[in-house]
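Visitor: My structure file run_39.txt, compact mmCIF, C-alpha atoms, is below:
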# COMPACT_ATOMS: atom_id res chain seq x y z
CA MET A 1 -123.98 -77.80 -15.59
CA LYS A 2 -121.00 -79.32 -17.37
CA SER A 3 -122.26 -77.95 -20.67
CA LYS A 4 -122.28 -74.38 -19.34
CA LEU A 5 -118.75 -74.70 -17.92
CA PHE A 6 -117.41 -75.96 -21.24
CA SER A 7 -119.03 -73.08 -23.10
CA LEU A 8 -117.45 -70.60 -20.69
CA ILE A 9 -113.97 -72.01 -21.18
CA VAL A 10 -114.36 -71.92 -24.94
CA SER A 11 -115.46 -68.30 -24.80
CA VAL A 12 -112.47 -67.25 -22.68
CA LEU A 13 -110.03 -68.99 -25.01
CA ALA A 14 -111.63 -67.38 -28.02
CA ALA A 15 -111.36 -63.94 -26.42
CA MET A 16 -107.71 -64.50 -25.63
CA CYS A 17 -106.95 -65.61 -29.19
CA LEU A 18 -108.79 -62.60 -30.54
CA TRP A 19 -106.70 -60.33 -28.30
CA VAL A 20 -103.45 -61.93 -29.40
CA TYR A 21 -104.50 -61.61 -33.00
CA VAL A 22 -105.37 -57.96 -32.61
CA MET A 23 -102.12 -57.21 -30.81
CA THR A 24 -99.80 -59.14 -33.08
CA VAL A 25 -101.36 -59.78 -36.46
CA VAL A 26 -103.09 -56.50 -37.09
CA ASN A 27 -100.26 -54.09 -38.21
CA PRO A 28 -99.87 -51.28 -35.65
CA ASP A 29 -97.93 -47.98 -35.99
CA VAL A 30 -94.56 -48.17 -34.19
CA ASP A 31 -91.22 -46.31 -34.12
CA LEU A 32 -87.59 -47.45 -34.38
CA THR A 33 -84.20 -45.72 -33.88
CA ILE A 34 -81.26 -46.90 -35.97
CA GLY A 35 -77.75 -45.49 -35.46
CA ASN A 36 -74.35 -45.78 -37.19
CA ILE A 37 -75.79 -44.96 -40.61
CA PRO A 38 -72.79 -44.01 -42.79
CA VAL A 39 -72.57 -40.59 -44.45
CA THR A 40 -71.73 -40.64 -48.17
CA PHE A 41 -71.38 -37.94 -50.82
CA SER A 42 -73.12 -38.13 -54.17
CA GLY A 43 -71.09 -36.48 -56.96
CA ALA A 44 -67.76 -36.56 -55.09
CA GLU A 45 -65.98 -38.35 -57.93
CA VAL A 46 -67.12 -35.80 -60.52
CA LEU A 47 -66.17 -33.02 -58.10
CA ARG A 48 -62.65 -34.40 -57.90
CA GLU A 49 -62.07 -35.35 -61.52
CA ASP A 50 -63.78 -32.44 -63.28
CA HIS A 51 -63.20 -29.60 -60.84
CA GLY A 52 -60.12 -30.62 -58.85
CA LEU A 53 -61.98 -30.38 -55.53
CA VAL A 54 -62.09 -32.86 -52.66
CA ILE A 55 -64.14 -33.19 -49.48
CA THR A 56 -62.20 -32.97 -46.24
CA GLY A 57 -62.73 -31.88 -42.69
CA ASP A 58 -63.52 -33.71 -39.52
CA TYR A 59 -67.15 -34.18 -40.50
CA GLN A 60 -69.53 -36.56 -38.73
CA GLU A 61 -69.25 -39.89 -40.51
CA PHE A 62 -72.38 -41.53 -39.01
CA VAL A 63 -75.91 -40.36 -38.21
CA SER A 64 -78.87 -41.70 -36.22
CA VAL A 65 -82.47 -41.71 -37.49
CA HIS A 66 -85.75 -42.23 -35.60
CA PHE A 67 -88.19 -43.96 -38.00
CA TYR A 68 -92.03 -44.11 -37.73
CA GLY A 69 -94.23 -46.62 -39.57
CA LYS A 70 -96.08 -49.89 -39.44
CA ASN A 71 -94.68 -52.65 -37.28
CA ALA A 72 -94.09 -55.04 -40.17
CA ASP A 73 -92.33 -52.41 -42.26
CA LEU A 74 -89.98 -51.32 -39.47
CA LYS A 75 -89.14 -54.95 -38.71
CA THR A 76 -88.08 -55.33 -42.34
CA LEU A 77 -86.11 -52.08 -42.13
CA ASP A 78 -84.29 -53.31 -39.03
CA GLN A 79 -83.40 -56.56 -40.76
CA HIS A 80 -81.78 -54.61 -43.64
CA LYS A 81 -80.36 -51.67 -41.69
CA ASP A 82 -76.84 -52.28 -43.06
CA GLU A 83 -78.11 -50.99 -46.42
CA LEU A 84 -79.08 -47.59 -45.01
CA LYS A 85 -77.04 -44.56 -46.18
CA ALA A 86 -77.10 -40.85 -45.45
CA VAL A 87 -76.41 -39.22 -48.84
CA ILE A 88 -75.27 -35.60 -49.34
CA ASP A 89 -75.53 -34.23 -52.90
CA VAL A 90 -72.37 -32.22 -53.75
CA SER A 91 -72.86 -32.19 -57.51
CA LYS A 92 -73.40 -28.40 -57.54
CA VAL A 93 -70.42 -27.52 -55.32
CA ARG A 94 -67.85 -25.37 -57.16
CA SER A 95 -65.81 -23.46 -54.57
CA THR A 96 -63.47 -24.17 -51.66
CA LYS A 97 -65.05 -23.39 -48.30
CA ASP A 98 -66.94 -24.93 -45.37
CA TYR A 99 -70.43 -26.28 -46.15
CA THR A 100 -73.34 -27.30 -43.91
CA MET A 101 -75.83 -29.40 -45.83
CA SER A 102 -78.76 -31.71 -45.14
CA TYR A 103 -78.83 -35.29 -46.34
CA ASP A 104 -81.27 -37.85 -47.69
CA ILE A 105 -81.69 -41.33 -46.26
CA THR A 106 -81.43 -44.09 -48.84
CA LEU A 107 -83.68 -47.00 -47.75
CA PRO A 108 -83.02 -50.69 -48.40
CA SER A 109 -84.64 -52.05 -51.56
CA ALA A 110 -86.90 -54.25 -49.40
CA VAL A 111 -88.51 -51.21 -47.78
CA SER A 112 -90.84 -48.86 -49.62
CA ALA A 113 -90.40 -45.14 -48.97
CA SER A 114 -94.17 -44.78 -48.58
CA SER A 115 -94.17 -47.19 -45.65
CA ILE A 116 -92.07 -44.76 -43.54
CA THR A 117 -94.39 -42.08 -42.26
CA LYS A 118 -91.77 -39.90 -40.59
CA MET A 119 -88.02 -39.62 -39.92
CA ASP A 120 -86.23 -37.62 -37.24
CA LYS A 121 -82.55 -37.22 -38.16
CA SER A 122 -79.73 -36.62 -35.71
CA PRO A 123 -77.88 -34.52 -36.60
CA ALA A 124 -80.11 -32.85 -39.16
CA THR A 125 -77.14 -31.43 -41.16
CA ILE A 126 -73.48 -32.31 -41.78
CA THR A 127 -70.64 -29.75 -41.88
CA PHE A 128 -67.69 -30.50 -44.14
CA THR A 129 -64.90 -28.71 -46.01
CA VAL A 130 -64.16 -28.59 -49.72
CA GLU A 131 -60.51 -28.02 -50.71
CA ARG A 132 -58.42 -27.95 -53.84
CA GLN A 133 -56.82 -31.25 -54.76
CA ILE A 134 -53.11 -30.80 -55.49
CA ARG A 135 -50.07 -32.96 -56.11
CA LYS A 136 -46.40 -32.50 -55.42
CA SER A 137 -43.14 -34.43 -55.54
CA VAL A 138 -41.45 -35.17 -52.21
CA GLU A 139 -37.95 -36.45 -51.49
CA VAL A 140 -37.30 -39.98 -50.28
CA ARG A 141 -34.93 -40.12 -47.31
CA GLY A 142 -33.50 -43.13 -45.57
CA ASP A 143 -32.94 -43.72 -41.87
CA PHE A 144 -30.40 -46.52 -41.55
CA SER A 145 -29.10 -45.64 -38.10
CA SER A 146 -30.37 -48.98 -36.81
CA VAL A 147 -28.43 -50.99 -39.40
CA LYS A 148 -25.42 -52.46 -37.59
CA ILE A 149 -22.58 -53.48 -39.92
CA ALA A 150 -20.43 -56.49 -39.03
CA GLU A 151 -16.84 -55.83 -37.96
CA GLY A 152 -14.49 -55.55 -40.93
CA TYR A 153 -17.26 -54.43 -43.26
CA MET A 154 -18.72 -51.04 -44.15
CA LEU A 155 -21.57 -49.42 -46.04
CA ASP A 156 -20.26 -48.49 -49.49
CA SER A 157 -23.39 -46.92 -50.99
CA THR A 158 -27.15 -46.72 -50.68
CA SER A 159 -29.55 -46.46 -53.61
CA PHE A 160 -33.34 -46.24 -54.03
CA ASP A 161 -35.41 -47.24 -57.04
CA PHE A 162 -37.15 -43.84 -56.61
CA ASP A 163 -35.47 -40.72 -55.24
CA SER A 164 -38.87 -39.03 -54.90
CA ILE A 165 -42.57 -39.90 -55.06
CA THR A 166 -45.68 -37.94 -56.00
CA ILE A 167 -48.43 -37.42 -53.45
CA GLU A 168 -51.91 -36.18 -54.32
CA GLY A 169 -54.79 -35.09 -52.13
CA PRO A 170 -56.30 -32.16 -50.20
CA GLU A 171 -54.12 -29.08 -50.29
CA SER A 172 -54.03 -28.71 -46.51
CA VAL A 173 -52.76 -32.27 -46.09
CA VAL A 174 -50.34 -32.35 -49.03
CA ASN A 175 -48.67 -29.13 -47.88
CA THR A 176 -47.85 -30.60 -44.48
CA VAL A 177 -45.73 -33.36 -46.03
CA ASP A 178 -42.03 -32.41 -46.08
CA HIS A 179 -40.56 -35.75 -47.18
CA VAL A 180 -41.07 -39.49 -47.01
CA GLN A 181 -38.84 -41.73 -44.94
CA ILE A 182 -37.86 -45.37 -45.16
CA THR A 183 -36.31 -47.20 -42.24
CA ILE A 184 -34.35 -50.46 -42.05
CA GLU A 185 -33.27 -52.24 -38.89
CA ARG A 186 -30.66 -54.98 -39.14
CA SER A 187 -27.71 -56.30 -37.12
CA ASN A 188 -24.36 -57.93 -37.97
CA VAL A 189 -24.75 -57.16 -41.68
CA ASP A 190 -21.91 -58.56 -43.83
CA LYS A 191 -23.46 -58.59 -47.29
CA THR A 192 -25.47 -56.34 -49.58
CA ILE A 193 -29.12 -55.77 -48.66
CA THR A 194 -31.95 -55.30 -51.17
CA GLU A 195 -35.37 -54.81 -49.61
CA SER A 196 -38.76 -53.22 -50.35
CA VAL A 197 -39.51 -50.82 -47.49
CA PRO A 198 -42.86 -49.07 -46.79
CA VAL A 199 -42.72 -45.27 -46.86
CA VAL A 200 -43.74 -43.06 -43.94
CA LEU A 201 -44.89 -39.47 -44.57
CA LEU A 202 -43.25 -36.87 -42.31
CA ASP A 203 -43.72 -33.15 -41.80
CA LYS A 204 -40.85 -30.68 -41.40
CA ASP A 205 -40.65 -31.44 -37.66
CA GLY A 206 -40.41 -35.19 -38.21
CA ALA A 207 -43.97 -35.98 -37.13
CA GLN A 208 -45.93 -38.55 -39.12
CA VAL A 209 -48.64 -37.38 -41.51
CA ASP A 210 -51.78 -39.50 -41.86
CA PRO A 211 -51.88 -40.76 -45.48
CA THR A 212 -55.58 -41.73 -45.38
CA GLN A 213 -56.68 -38.86 -47.64
CA LEU A 214 -53.67 -39.07 -49.95
CA THR A 215 -52.78 -41.02 -53.07
CA LEU A 216 -49.11 -42.00 -53.39
CA SER A 217 -47.29 -42.88 -56.62
CA ALA A 218 -45.47 -45.56 -54.59
CA ASP A 219 -46.14 -46.82 -51.10
CA ALA A 220 -42.85 -48.74 -50.84
CA ILE A 221 -39.28 -48.09 -52.00
CA GLU A 222 -36.77 -50.74 -53.00
CA VAL A 223 -33.54 -50.03 -51.12
CA THR A 224 -30.12 -51.45 -51.92
CA MET A 225 -27.39 -51.08 -49.31
CA LYS A 226 -24.05 -52.16 -50.75
CA ILE A 227 -21.87 -53.70 -48.04
CA VAL A 228 -18.14 -54.15 -48.71
CA LYS A 229 -15.09 -55.27 -46.80
CA TYR A 230 -12.58 -52.64 -45.69
CA LYS A 231 -8.95 -52.63 -44.64
CA VAL A 232 -6.54 -50.06 -43.21
CA VAL A 233 -3.43 -50.20 -45.42
CA PRO A 234 -0.10 -48.57 -44.38
CA ILE A 235 1.72 -46.24 -46.79
CA GLU A 236 5.44 -46.70 -47.51
CA VAL A 237 7.69 -43.79 -48.58
CA GLN A 238 10.71 -44.64 -50.73
CA PHE A 239 13.81 -42.58 -51.54
CA THR A 240 16.50 -42.69 -54.21
CA GLU A 241 19.85 -41.43 -52.93
CA GLY A 242 21.61 -38.73 -54.92
CA GLY A 243 22.47 -35.06 -55.10
CA GLY A 244 24.86 -35.43 -52.17
CA ALA A 245 22.13 -36.85 -49.91
CA LYS A 246 21.84 -40.34 -48.45
CA LEU A 247 19.11 -41.92 -46.33
CA SER A 248 21.30 -41.49 -43.26
CA ASP A 249 21.27 -37.71 -43.86
CA LEU A 250 17.49 -37.45 -43.62
CA ASP A 251 14.93 -36.47 -41.04
CA TRP A 252 11.51 -37.05 -42.55
CA ASP A 253 7.86 -37.56 -41.76
CA TYR A 254 4.67 -37.90 -43.76
CA GLU A 255 0.87 -37.81 -43.58
CA PRO A 256 -1.29 -39.76 -43.92
CA LYS A 257 0.56 -42.87 -42.81
CA ALA A 258 -2.29 -45.18 -43.82
CA ILE A 259 -5.55 -45.09 -45.74
CA THR A 260 -8.72 -47.15 -45.57
CA LEU A 261 -9.63 -49.11 -48.67
CA SER A 262 -12.81 -51.00 -49.44
CA GLY A 263 -13.44 -53.71 -51.99
CA ASP A 264 -13.60 -57.42 -52.58
CA SER A 265 -11.70 -59.61 -50.13
CA THR A 266 -9.70 -61.15 -53.00
CA VAL A 267 -8.17 -57.71 -53.61
CA LEU A 268 -7.75 -56.51 -50.03
CA ASP A 269 -6.42 -59.71 -48.47
CA GLY A 270 -3.26 -59.62 -50.59
CA LEU A 271 -2.64 -55.89 -50.15
CA ASN A 272 -0.30 -55.23 -47.21
CA SER A 273 1.03 -51.77 -48.08
CA ILE A 274 0.93 -48.98 -50.65
CA GLN A 275 4.32 -47.92 -51.95
CA LEU A 276 4.67 -44.36 -53.20
CA GLU A 277 6.73 -43.32 -56.21
CA PRO A 278 10.33 -42.98 -54.96
CA ILE A 279 11.55 -39.48 -54.12
CA ASP A 280 14.83 -38.73 -55.91
CA LEU A 281 16.92 -36.75 -53.42
CA SER A 282 18.97 -35.27 -56.24
CA THR A 283 15.89 -33.31 -57.36
CA LEU A 284 15.39 -31.50 -54.04
CA PRO A 285 16.54 -27.87 -54.57
CA SER A 286 16.98 -27.12 -50.85
CA ASN A 287 17.68 -28.98 -47.64
CA ASP A 288 14.13 -28.44 -46.34
CA GLU A 289 11.43 -29.59 -48.74
CA THR A 290 7.86 -30.87 -48.76
CA VAL A 291 7.09 -33.32 -51.55
CA GLU A 292 3.64 -34.48 -52.63
CA ARG A 293 3.09 -38.00 -53.92
CA ALA A 294 -0.10 -39.46 -55.38
CA ILE A 295 -1.68 -42.45 -53.65
CA LEU A 296 -2.15 -45.15 -56.27
CA ILE A 297 -4.49 -48.01 -55.37
CA PRO A 298 -5.63 -51.18 -57.20
CA ASN A 299 -8.37 -50.67 -59.77
CA ASP A 300 -10.81 -52.93 -57.89
CA ALA A 301 -10.40 -51.07 -54.59
CA LYS A 302 -11.94 -47.82 -53.40
CA ASN A 303 -10.21 -45.17 -51.30
CA VAL A 304 -12.79 -44.40 -48.62
CA SER A 305 -10.43 -42.21 -46.56
CA GLY A 306 -10.59 -39.46 -49.16
CA GLU A 307 -6.88 -38.55 -49.15
CA GLU A 308 -5.46 -38.67 -52.66
CA THR A 309 -1.90 -37.51 -51.92
CA VAL A 310 0.77 -37.97 -49.26
CA SER A 311 2.73 -34.97 -48.00
CA VAL A 312 6.36 -35.88 -47.21
CA ARG A 313 8.42 -33.37 -45.17
CA ILE A 314 12.18 -33.85 -45.66
CA THR A 315 15.16 -32.24 -43.90
CA ILE A 316 18.68 -33.03 -45.12
CA LYS A 317 21.07 -32.74 -42.18
CA GLY A 318 24.68 -31.52 -42.16
CA LYS A 319 24.75 -30.51 -45.80
CA GLN A 320 25.43 -27.23 -47.59
CA ILE A 321 24.45 -26.15 -51.08
CA LYS A 322 26.87 -24.38 -53.40
CA THR A 323 26.68 -23.13 -57.02
CA LEU A 324 29.74 -23.19 -59.31
CA ARG A 325 30.58 -22.63 -62.97
CA THR A 326 32.89 -25.07 -64.73
CA THR A 327 34.46 -25.45 -68.15
CA ASN A 328 35.59 -29.02 -67.51
CA ILE A 329 33.43 -30.76 -70.13
CA VAL A 330 34.36 -34.29 -71.24
CA PHE A 331 32.82 -36.44 -74.01
CA VAL A 332 32.66 -40.23 -73.83
CA GLY A 333 31.19 -42.80 -76.17
CA VAL A 334 32.34 -40.99 -79.35
CA ASP A 335 33.42 -43.19 -82.29
CA GLU A 336 36.58 -41.18 -82.82
CA GLU A 337 37.34 -42.85 -86.17
CA LYS A 338 34.19 -41.26 -87.59
CA PHE A 339 33.27 -38.32 -85.38
CA LYS A 340 34.52 -35.67 -83.12
CA ALA A 341 32.37 -33.92 -80.50
CA THR A 342 32.46 -30.25 -79.57
CA SER A 343 30.56 -28.42 -76.84
CA LEU A 344 28.76 -25.29 -77.86
CA SER A 345 28.30 -24.53 -74.16
CA GLN A 346 31.52 -22.94 -72.91
CA GLN A 347 30.49 -23.20 -69.25
CA VAL A 348 28.00 -25.13 -67.21
CA GLN A 349 26.55 -23.74 -63.98
CA VAL A 350 26.11 -26.51 -61.44
CA THR A 351 24.49 -26.62 -58.01
CA ILE A 352 25.94 -29.16 -55.63
CA ARG A 353 25.19 -30.43 -52.15
CA ALA A 354 28.02 -31.56 -49.89
CA ALA A 355 28.95 -32.06 -46.28
CA ALA A 356 29.59 -28.75 -44.55
CA ALA A 357 33.28 -29.53 -44.12
CA ASP A 358 33.71 -30.29 -47.83
CA ALA A 359 31.59 -27.53 -49.30
CA SER A 360 34.16 -24.80 -48.64
CA ARG A 361 36.92 -26.83 -50.31
CA ILE A 362 35.03 -27.67 -53.49
CA SER A 363 35.95 -25.42 -56.43
CA ALA A 364 35.11 -25.29 -60.13
CA THR A 365 38.10 -27.52 -60.90
CA SER A 366 36.50 -30.25 -58.80
CA ILE A 367 33.49 -30.39 -61.14
CA ARG A 368 33.57 -32.68 -64.15
CA ILE A 369 30.81 -32.63 -66.78
CA VAL A 370 30.55 -35.91 -68.75
CA ALA A 371 28.48 -36.11 -71.93
CA ASP A 372 27.81 -39.64 -73.21
CA MET A 373 27.56 -39.55 -77.03
CA SER A 374 27.18 -43.29 -77.57
CA GLY A 375 23.55 -42.84 -78.58
CA TYR A 376 24.34 -40.31 -81.32
CA THR A 377 25.37 -41.86 -84.67
CA GLN A 378 24.90 -39.04 -87.14
CA GLU A 379 26.44 -35.65 -87.59
CA GLY A 380 24.47 -32.77 -86.13
CA THR A 381 23.88 -30.50 -83.20
CA TYR A 382 22.16 -31.97 -80.16
CA GLN A 383 21.07 -31.07 -76.66
CA VAL A 384 22.84 -33.79 -74.74
CA PRO A 385 22.10 -34.79 -71.10
CA VAL A 386 25.23 -34.83 -68.95
CA THR A 387 26.37 -36.40 -65.70
CA VAL A 388 28.03 -34.18 -63.08
CA TYR A 389 30.88 -35.56 -60.96
CA VAL A 390 32.48 -33.85 -57.98
CA ASP A 391 35.93 -35.42 -58.03
CA GLY A 392 37.61 -36.13 -54.70
CA PHE A 393 34.54 -35.54 -52.53
CA ASP A 394 32.37 -38.57 -51.85
CA SER A 395 29.87 -36.57 -49.81
CA ALA A 396 29.02 -34.28 -52.72
CA GLY A 397 26.59 -34.60 -55.57
CA ALA A 398 24.84 -32.44 -58.14
CA ILE A 399 21.32 -31.21 -57.58
CA GLY A 400 19.04 -31.39 -60.60
CA GLN A 401 19.57 -32.45 -64.19
CA TYR A 402 21.85 -30.80 -66.72
CA SER A 403 22.50 -30.81 -70.47
CA ILE A 404 24.76 -29.09 -72.97
CA ALA A 405 24.51 -28.16 -76.63
CA ALA A 406 27.00 -30.31 -78.53
CA THR A 407 27.99 -30.78 -82.16
CA LEU A 408 28.92 -34.14 -83.66
CA ALA A 409 31.00 -33.63 -86.80
CA ALA A 410 33.06 -35.82 -89.13
CA ALA A 411 36.42 -36.77 -87.67
CA ASP A 412 38.31 -35.32 -90.64
CA GLU A 413 36.40 -32.05 -90.70
CA PRO A 414 38.65 -29.17 -89.76
CA ASP A 415 37.93 -27.36 -86.52
CA GLU A 416 36.25 -23.97 -86.82
CA GLN A 417 38.59 -21.09 -86.12
CA PRO A 418 37.42 -18.63 -83.54
Kindly return the structure encoded in the file as structure tokens.
Guide:
Amino acid sequence: MKSKLFSLIVSVLAAMCLWVYVMTVVNPDVDLTIGNIPVTFSGAEVLREDHGLVITGDYQEFVSVHFYGKNADLKTLDQHKDELKAVIDVSKVRSTKDYTMSYDITLPSAVSASSITKMDKSPATITFTVERQIRKSVEVRGDFSSVKIAEGYMLDSTSFDFDSITIEGPESVVNTVDHVQITIERSNVDKTITESVPVVLLDKDGAQVDPTQLTLSADAIEVTMKIVKYKVVPIEVQFTEGGGAKLSDLDWDYEPKAITLSGDSTVLDGLNSIQLEPIDLSTLPSNDETVERAILIPNDAKNVSGEETVSVRITIKGKQIKTLRTTNIVFVGVDEEKFKATSLSQQVQVTIRAAAADASRISATSIRIVADMSGYTQEGTYQVPVTVYVDGFDSAGAIGQYSIAATLAAADEPDEQP
């Protein structure tokens, strides 16, 4: 009885082992779906380099494939699924347009193509666009609105190592790029900045352009922002009295009254004012004049205000201008033992300025022309500068500069008869 029971148990176990063997060891036909298989293009490099064409478009980058085959083979395929590729052959493409093409599945090296009995692809085809590849130069612009300069300092200049860069890629993408922008954000800046800043591609409306499909000649720009100290320096106007005008006779004003200079602190700290070239009142031809004077600054400073001249408006109060002719010509400084001086100018016309009360009383006899000959040591005829005196009238003075033609002859030479 025990012998029969043992034989029965052995038979059941043998049947179960045989079933397991048949189900697991004998290689059955099965199926397997694998997704996220990347799409690649065969011949894309030749297409770009030899024909100037590139693949673009929002094409499907991954596909899914339903495989059929033996259990063992599909297990191997699943273990090496990262090696799967969906390959589209574009070697014969020659024109720019939209294409819809099928693809081939490249299997892992561990899986034989003959072991896969069938493949269902999803999608079965891929649609993509072929465009011309172009290049163009675009301007580099800086946005430094977020750079905050420390008080007492200013931005003197900004420079880039490249004023433009070249971008290359699909025509539709390249043509959307208007310029590239670099941006720096800093606070309390009191010294020069030099920094390599990544570029951002922008269209004409200021929206960013995706650079994924583009090649850039430079993806960063070295920026130098020169920071200098500045100072507001007052301007001082100076006058030289003369021509019947004194400082107390003047009403005057001027613009600008100060300018802003930038430069090194060693230059600016010792500069408290800018003095203009003095205005000689004897040169003013009327009692209401506007005089321009150049603003001269130290060589190591920079005028950031932009004004190069000062306009000085002058009114001389309580004075009148009068023109007279005089024959009262006097020579001084003549070595009378050797020379005698003679004026070839019989009269000198002189314009004077005097107080209103004096102007009516001044006549030609009040005018004295003095020619100083001390600098002339040889015989000859000279144009000699003269000084004009208005005798007896302290408020008066000559306007302008005067000279006469004079002859210096030997003392013993007889005078010419008229």
Visitor: Need the shell around region 187-192 of chain A: protein/DNA/RNA residues with any atom at most 12 Å away, counting all atoms listed in the file. Skip same-chain ones fewer than 3 positions apart. Format as JSON, numbers by chain?
Guide: {"A": [144, 145, 146, 147, 148, 149, 150, 151, 152, 153, 154, 155, 156, 157, 158, 159, 184, 195, 223, 224, 225, 226, 227, 228, 229, 230, 264]}
Visitor: Take the residues from that selection and write them out as a tab-separated table (two decimals), in the coordinates of the input, keeping C-alpha atoms.
Guide:
chain	number	residue	atom	x	y	z
A	144	PHE	CA	-30.40	-46.52	-41.55
A	145	SER	CA	-29.10	-45.64	-38.10
A	146	SER	CA	-30.37	-48.98	-36.81
A	147	VAL	CA	-28.43	-50.99	-39.40
A	148	LYS	CA	-25.42	-52.46	-37.59
A	149	ILE	CA	-22.58	-53.48	-39.92
A	150	ALA	CA	-20.43	-56.49	-39.03
A	151	GLU	CA	-16.84	-55.83	-37.96
A	152	GLY	CA	-14.49	-55.55	-40.93
A	153	TYR	CA	-17.26	-54.43	-43.26
A	154	MET	CA	-18.72	-51.04	-44.15
A	155	LEU	CA	-21.57	-49.42	-46.04
A	156	ASP	CA	-20.26	-48.49	-49.49
A	157	SER	CA	-23.39	-46.92	-50.99
A	158	THR	CA	-27.15	-46.72	-50.68
A	159	SER	CA	-29.55	-46.46	-53.61
A	184	ILE	CA	-34.35	-50.46	-42.05
A	195	GLU	CA	-35.37	-54.81	-49.61
A	223	VAL	CA	-33.54	-50.03	-51.12
A	224	THR	CA	-30.12	-51.45	-51.92
A	225	MET	CA	-27.39	-51.08	-49.31
A	226	LYS	CA	-24.05	-52.16	-50.75
A	227	ILE	CA	-21.87	-53.70	-48.04
A	228	VAL	CA	-18.14	-54.15	-48.71
A	229	LYS	CA	-15.09	-55.27	-46.80
A	230	TYR	CA	-12.58	-52.64	-45.69
A	264	ASP	CA	-13.60	-57.42	-52.58
Visitor: Could you pull out every residue with an atom within 12 Å of (28.4, -25.4, -74.3), file coordinates, counting all atoms listed in the file, and send them as a PyMOL selection string?
Guide: chain A and resi 325-331+341-349+369+371+381-386+402-407
Visitor: For CA of Ile37 (chain A) and CA of Glu168 (chain A), quote the distance in Å rounded to one decimal.
Guide: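 Rounded to one decimal, the two atoms are 28.9 Å apart.
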Visitor: Using only C-alpha atoms, which of the listed residues (A:Gly375, A:Gly43, A:Gly242, A:Pro108) sits closest to Ala396 (chain A)?
Guide: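 Between A:Gly375, A:Gly43, A:Gly242, A:Pro108, the residue approaching Ala396 (chain A) most closely is A:Gly242.
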Visitor: Can you list, as a list in words, every protein, DNA or RNA residue that comes within 10 Å of Ser395 (chain A) when you count only C-alpha atoms, leaving out same-chain residues fewer than 3 positions away?
Guide: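 In the requested form, the answer reads Gly242, Gly243, Gly244, Ala245, Lys246, Lys319, Arg353, Ala354, Ala355, Ala356, Ala357, Asp358, Ala359, Val390 and Gly392 of chain A.
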Visitor: Convert the current residue selection to file output with C-alpha atoms, as an mmCIF file, keeping the file's coordinate frame.
Guide:
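Listing of selection-v7.cif after writing:
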data_model
loop_
_atom_site.group_PDB
_atom_site.id
_atom_site.type_symbol
_atom_site.label_atom_id
_atom_site.label_comp_id
_atom_site.auth_asym_id
_atom_site.auth_seq_id
_atom_site.Cartn_x
_atom_site.Cartn_y
_atom_site.Cartn_z
ATOM 1 C CA GLY A 242 21.610 -38.730 -54.920
ATOM 2 C CA GLY A 243 22.470 -35.060 -55.100
ATOM 3 C CA GLY A 244 24.860 -35.430 -52.170
ATOM 4 C CA ALA A 245 22.130 -36.850 -49.910
ATOM 5 C CA LYS A 246 21.840 -40.340 -48.450
ATOM 6 C CA LYS A 319 24.750 -30.510 -45.800
ATOM 7 C CA ARG A 353 25.190 -30.430 -52.150
ATOM 8 C CA ALA A 354 28.020 -31.560 -49.890
ATOM 9 C CA ALA A 355 28.950 -32.060 -46.280
ATOM 10 C CA ALA A 356 29.590 -28.750 -44.550
ATOM 11 C CA ALA A 357 33.280 -29.530 -44.120
ATOM 12 C CA ASP A 358 33.710 -30.290 -47.830
ATOM 13 C CA ALA A 359 31.590 -27.530 -49.300
ATOM 14 C CA VAL A 390 32.480 -33.850 -57.980
ATOM 15 C CA GLY A 392 37.610 -36.130 -54.700
#
Visitor: Nearest residue to Ser137 (chain A) out of A:Ala409, A:Ala110, A:Ile116, A:Ile167, using only C-alpha atoms?
Guide: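 Among the listed residues, A:Ile167 lies closest to Ser137 (chain A).
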Visitor: Find the residue from A:Lys257, A:Thr351, A:Gly263, A:Arg361 that sits nearest to Val312 (chain A); use only C-alpha atoms when measuring.
Guide: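 Going through A:Lys257, A:Thr351, A:Gly263, A:Arg361 one by one, the smallest distance to Val312 (chain A) is for A:Lys257.
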Visitor: Between CA of Ser366 (chain A) and CA of Gln320 (chain A), measure the distance and give it in Å to one decimal.
Guide: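 Result for CA of Ser366 (chain A) versus CA of Gln320 (chain A): 16.0 Å, one decimal.
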Visitor: When you look at Asp210 (chain A) with a cut-off of 9 Å (counting only C-alpha atoms), what residues show up, excluding the ones that are within fewer than 3 positions of it in the same chain? I need them as an MDAnalysis selection string.
Guide: chainID A and resid 173 201:202 213:214
Visitor: Tell me, in Å to one decimal, how far CA of Leu47 (chain A) is from CA of Glu131 (chain A).
Guide: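 Interatomic distance here is 10.6 Å.
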Visitor: Could you give me, as a list of chain:residue names, the residues within 10 Å of Ala294 (chain A), counting all atoms listed in the file and dropping anything in the same chain fewer than 6 positions from it?
Guide: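 Once the nearby chain positions are removed, what remains is A:Leu276, A:Glu277, A:Glu307, A:Glu308, A:Thr309, A:Val310, A:Ser311.
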Visitor: Identify which of the residues A:Gln133, A:Thr377, A:Thr215, A:Thr56 lies closest to Val334 (chain A), counting all atoms listed in the file when measuring atom-to-atom distances.
Guide: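 Closest residue, counting all atoms listed in the file: A:Thr377.
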Visitor: Nearest residue to Lys118 (chain A) out of A:Gly69, A:Gly333, A:Gly142, A:Gly57, using all atoms listed in the file?
Guide: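 That would be A:Gly69, the residue with the smallest distance to Lys118 (chain A).
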Visitor: If we count all atoms listed in the file, what is near Ser305 (chain A) at a cut-off of 12 Å, once residues fewer than 6 positions away on the same chain are taken out, given as an NGL selection string?
Guide: :A and (230-233 or 256-262 or 295)
